[in-house]
Amino acid sequence: MGENFRPDMNDIREAQRRIAPHIHRTPIMTSASLDEIAGARLFFKCENLQRTGSFKMRGATNAIFSLADEEAAKGVVTPSSGNHGAALAKAARKRNIPAWVIMPNNSPMVKRRAVEAYGGQITLCEPTIRSRQETAAAVQARTGAILIHPYDNDRIVSGQGTAAAELLEDMPDLDVIIAPVSGGGLLSGTAIASKAMKPGIRVIGAEPKNADDAYRSLKSGHIESNETADTIADGLRAVLAPRTFAILQRLADEISTVTEEEIVAAMRLLWERMKLVVEPSGAISAAPVLNRRIGSEGKRIGIILSGGNVDLASLPFK
């Protein structure tokens, strides 16, 4: 797992075998009414129905079960806004090791409660990248735990790529596949799997206009930061790492940015038309096609709905 190593399809296949006993093979769902709105055939990979409520269970499980016994013995630590922390805590519990999760103090309570329910030990920090990194380093120094970064980790990227691998195994004739992008772990894994399994497929990332660092990074050719990340998609406030940036530079075809209103509208349509509880960070991947933003009319589109952990006390619907 050296710094220059980039995961490939073999790593994703290995991850599939490793995590299969511990995760759900999530369903693919369709909606004739959403097809009509999009002018395309849409196939939704429902990671909102995954264990712990998000795709993060894939990467976390792969990372935890890749550790040698002596590495795992002192536990794991990670910075996380919620879904990765919950998944890591659950995977750690399955392996009977402790998990320390560094969470921003503005994380939704539903995500804090989930981390605690799976046995994770939470340390709160300020909602900045620097504070998360410093707090994680302090906990790691105190405990001797292994750092499992939410996306800047080969095993995480390989695990996340298994969702797209399953989607293309079930629907091999897709023209386009869309996944959310934040730190880039899911989109990187999606791009590696998709291009290996179907080289001509288009791989598109969906990103909030209010936190569009990936869009700007791929345009400028170097990693851009966000001055602010004021978006309802609380799981999409991270920025790319050198590892994920390099993968996306090579394999991603486009980043499509959407407004806050479009995220909420997509979320609402998924609830109303498909009866699917999808959080804003997951619903965003449907927004580019529902708004006919990417020239996908008449195509077969795979959409990864990445998570369903919604705070029901603060729904964005009027």
# chains A, B, ... in the order shown; residues from 1 in each chain; ligands from 1
call {"tool": "select_by_dssp", "arguments": {"residues": "region 40-247 of chain A", "states": "strand (DSSP E)", "output": "JSON, numbers by chain"}}
result
{"A": [41, 42, 43, 44, 45, 46, 76, 77, 78, 79, 99, 100, 101, 102, 103, 104, 121, 122, 123, 124, 125, 146, 147, 176, 177, 178, 179, 180, 202, 203, 204, 205, 206, 207, 208]}
call {"tool": "write_last_selection", "arguments": {"atoms": "C-alpha atoms", "output": "PDB file, in the first residue's frame"}}
result
ATOM      1  CA  ARG A  41     -33.176   4.994 -18.753  1.00  0.00           C
ATOM      2  CA  LEU A  42     -32.018   5.330 -15.151  1.00  0.00           C
ATOM      3  CA  PHE A  43     -30.687   2.496 -13.003  1.00  0.00           C
ATOM      4  CA  PHE A  44     -30.245   3.414  -9.337  1.00  0.00           C
ATOM      5  CA  LYS A  45     -27.651   1.478  -7.298  1.00  0.00           C
ATOM      6  CA  CYS A  46     -29.194   1.780  -3.836  1.00  0.00           C
ATOM      7  CA  VAL A  76      -8.238   2.278  14.193  1.00  0.00           C
ATOM      8  CA  VAL A  77      -8.781   6.031  14.081  1.00  0.00           C
ATOM      9  CA  THR A  78     -10.339   8.216  11.416  1.00  0.00           C
ATOM     10  CA  PRO A  79     -11.616  11.732  10.799  1.00  0.00           C
ATOM     11  CA  ALA A  99     -12.444   2.544  16.681  1.00  0.00           C
ATOM     12  CA  TRP A 100     -11.878   6.229  17.436  1.00  0.00           C
ATOM     13  CA  VAL A 101     -13.824   8.648  15.223  1.00  0.00           C
ATOM     14  CA  ILE A 102     -12.969  12.360  14.952  1.00  0.00           C
ATOM     15  CA  MET A 103     -16.150  14.253  14.018  1.00  0.00           C
ATOM     16  CA  PRO A 104     -16.800  17.950  13.308  1.00  0.00           C
ATOM     17  CA  GLN A 121     -15.602   6.430  20.385  1.00  0.00           C
ATOM     18  CA  ILE A 122     -16.232  10.030  19.225  1.00  0.00           C
ATOM     19  CA  THR A 123     -13.907  12.989  19.699  1.00  0.00           C
ATOM     20  CA  LEU A 124     -15.411  16.277  18.478  1.00  0.00           C
ATOM     21  CA  CYS A 125     -13.320  18.894  16.674  1.00  0.00           C
ATOM     22  CA  ILE A 146      -3.887   2.764  12.764  1.00  0.00           C
ATOM     23  CA  LEU A 147      -5.160   5.755  10.745  1.00  0.00           C
ATOM     24  CA  VAL A 176     -22.830   6.520 -18.283  1.00  0.00           C
ATOM     25  CA  ILE A 177     -22.240   6.034 -14.552  1.00  0.00           C
ATOM     26  CA  ILE A 178     -22.624   8.873 -12.038  1.00  0.00           C
ATOM     27  CA  ALA A 179     -21.417   9.031  -8.437  1.00  0.00           C
ATOM     28  CA  PRO A 180     -21.061  11.881  -5.936  1.00  0.00           C
ATOM     29  CA  ARG A 202     -18.539   7.862 -19.353  1.00  0.00           C
ATOM     30  CA  VAL A 203     -17.793   8.387 -15.664  1.00  0.00           C
ATOM     31  CA  ILE A 204     -19.253  11.562 -14.171  1.00  0.00           C
ATOM     32  CA  GLY A 205     -18.967  13.037 -10.695  1.00  0.00           C
ATOM     33  CA  ALA A 206     -21.809  15.051  -9.168  1.00  0.00           C
ATOM     34  CA  GLU A 207     -20.744  17.909  -6.884  1.00  0.00           C
ATOM     35  CA  PRO A 208     -22.435  20.863  -5.125  1.00  0.00           C
TER      36      PRO A 208
END
call {"tool": "select_by_dssp", "arguments": {"residues": "region 102-228 of chain A", "states": "alpha helix (DSSP H)", "output": "ChimeraX atom specification"}}
result
/A:109-117,129-143,154-170,185-197,213-220
call {"tool": "atom_distance", "arguments": {"atom1": "CA of Gly59 (chain A)", "atom2": "CA of Val157 (chain A)"}}
result
6.5 Å
call {"tool": "residues_around", "arguments": {"residues": "region 296-308 of chain A", "least_positions_apart": "2", "cutoff": "8 Å", "atoms": "only C-alpha atoms", "output": "ChimeraX atom specification"}}
result
/A:38-50,53-55,163-164,167,173-180,277-279,281-283,285-286,289,292-294,310
call {"tool": "write_last_selection", "arguments": {"atoms": "C-alpha atoms", "output": "compact mmCIF listing (two decimals), in the first residue's frame"}}
result
# COMPACT_ATOMS: atom_id res chain seq x y z
CA ALA A 38 -34.57 12.62 -17.53
CA GLY A 39 -35.34 11.45 -21.07
CA ALA A 40 -33.11 8.46 -20.33
CA ARG A 41 -33.18 4.99 -18.75
CA LEU A 42 -32.02 5.33 -15.15
CA PHE A 43 -30.69 2.50 -13.00
CA PHE A 44 -30.24 3.41 -9.34
CA LYS A 45 -27.65 1.48 -7.30
CA CYS A 46 -29.19 1.78 -3.84
CA GLU A 47 -26.29 2.17 -1.43
CA ASN A 48 -28.74 4.01 0.84
CA LEU A 49 -29.87 0.45 1.66
CA GLN A 50 -26.33 -0.69 2.48
CA GLY A 53 -26.83 3.31 5.46
CA SER A 54 -24.08 4.14 2.98
CA PHE A 55 -21.45 2.85 0.53
CA ALA A 163 -20.41 -0.76 -5.89
CA ALA A 164 -19.78 0.14 -9.53
CA LEU A 167 -23.74 -2.33 -10.96
CA ASP A 173 -24.78 -2.11 -21.18
CA LEU A 174 -24.72 1.22 -19.34
CA ASP A 175 -23.54 4.28 -21.28
CA VAL A 176 -22.83 6.52 -18.28
CA ILE A 177 -22.24 6.03 -14.55
CA ILE A 178 -22.62 8.87 -12.04
CA ALA A 179 -21.42 9.03 -8.44
CA PRO A 180 -21.06 11.88 -5.94
CA VAL A 277 -34.90 7.67 1.77
CA VAL A 278 -31.75 9.23 0.32
CA GLU A 279 -29.61 11.87 2.00
CA SER A 281 -25.05 13.71 -0.50
CA GLY A 282 -26.53 10.64 -2.18
CA ALA A 283 -29.38 12.28 -4.05
CA SER A 285 -25.92 11.97 -8.21
CA ALA A 286 -29.43 11.96 -9.70
CA VAL A 289 -29.67 13.69 -15.30
CA ARG A 292 -30.69 17.11 -18.34
CA ARG A 293 -27.31 18.66 -17.60
CA ILE A 294 -24.93 16.09 -19.14
CA VAL A 310 -31.07 11.66 6.89
call {"tool": "residues_around", "arguments": {"residues": "Ile263 (chain A)", "least_positions_apart": "2", "cutoff": "7 Å", "atoms": "only C-alpha atoms", "output": "ChimeraX atom specification"}}
result
/A:258-261,265-267,280,283-284,287
call {"tool": "write_last_selection", "arguments": {"atoms": "N, CA and C atoms", "output": "PDB file, in the first residue's frame"}}
result
ATOM      1  N   VAL A 258     -24.140  21.047  -9.280  1.00  0.00           N
ATOM      2  CA  VAL A 258     -25.570  21.321  -9.150  1.00  0.00           C
ATOM      3  C   VAL A 258     -25.825  22.242  -7.966  1.00  0.00           C
ATOM      4  N   THR A 259     -26.944  22.941  -8.016  1.00  0.00           N
ATOM      5  CA  THR A 259     -27.292  23.898  -6.971  1.00  0.00           C
ATOM      6  C   THR A 259     -27.910  23.192  -5.771  1.00  0.00           C
ATOM      7  N   GLU A 260     -27.996  23.930  -4.669  1.00  0.00           N
ATOM      8  CA  GLU A 260     -28.645  23.405  -3.473  1.00  0.00           C
ATOM      9  C   GLU A 260     -30.106  23.059  -3.764  1.00  0.00           C
ATOM     10  N   GLU A 261     -30.775  23.907  -4.535  1.00  0.00           N
ATOM     11  CA  GLU A 261     -32.186  23.660  -4.877  1.00  0.00           C
ATOM     12  C   GLU A 261     -32.337  22.384  -5.696  1.00  0.00           C
ATOM     13  N   ALA A 265     -34.429  19.060  -4.710  1.00  0.00           N
ATOM     14  CA  ALA A 265     -35.462  18.585  -5.639  1.00  0.00           C
ATOM     15  C   ALA A 265     -35.238  17.122  -6.006  1.00  0.00           C
ATOM     16  N   ALA A 266     -33.979  16.730  -6.227  1.00  0.00           N
ATOM     17  CA  ALA A 266     -33.680  15.329  -6.543  1.00  0.00           C
ATOM     18  C   ALA A 266     -34.019  14.431  -5.362  1.00  0.00           C
ATOM     19  N   MET A 267     -33.646  14.880  -4.181  1.00  0.00           N
ATOM     20  CA  MET A 267     -33.938  14.129  -2.953  1.00  0.00           C
ATOM     21  C   MET A 267     -35.444  13.913  -2.814  1.00  0.00           C
ATOM     22  N   PRO A 280     -28.985  14.093   1.152  1.00  0.00           N
ATOM     23  CA  PRO A 280     -28.583  15.019   0.086  1.00  0.00           C
ATOM     24  C   PRO A 280     -27.302  14.605  -0.634  1.00  0.00           C
ATOM     25  N   ALA A 283     -28.423  11.862  -3.020  1.00  0.00           N
ATOM     26  CA  ALA A 283     -29.385  12.278  -4.046  1.00  0.00           C
ATOM     27  C   ALA A 283     -28.727  13.134  -5.121  1.00  0.00           C
ATOM     28  N   ILE A 284     -27.622  13.768  -4.790  1.00  0.00           N
ATOM     29  CA  ILE A 284     -26.968  14.674  -5.750  1.00  0.00           C
ATOM     30  C   ILE A 284     -26.620  13.972  -7.052  1.00  0.00           C
ATOM     31  N   ALA A 287     -29.202  14.389  -9.705  1.00  0.00           N
ATOM     32  CA  ALA A 287     -29.539  15.748 -10.153  1.00  0.00           C
ATOM     33  C   ALA A 287     -29.063  16.075 -11.566  1.00  0.00           C
TER      34      ALA A 287
END
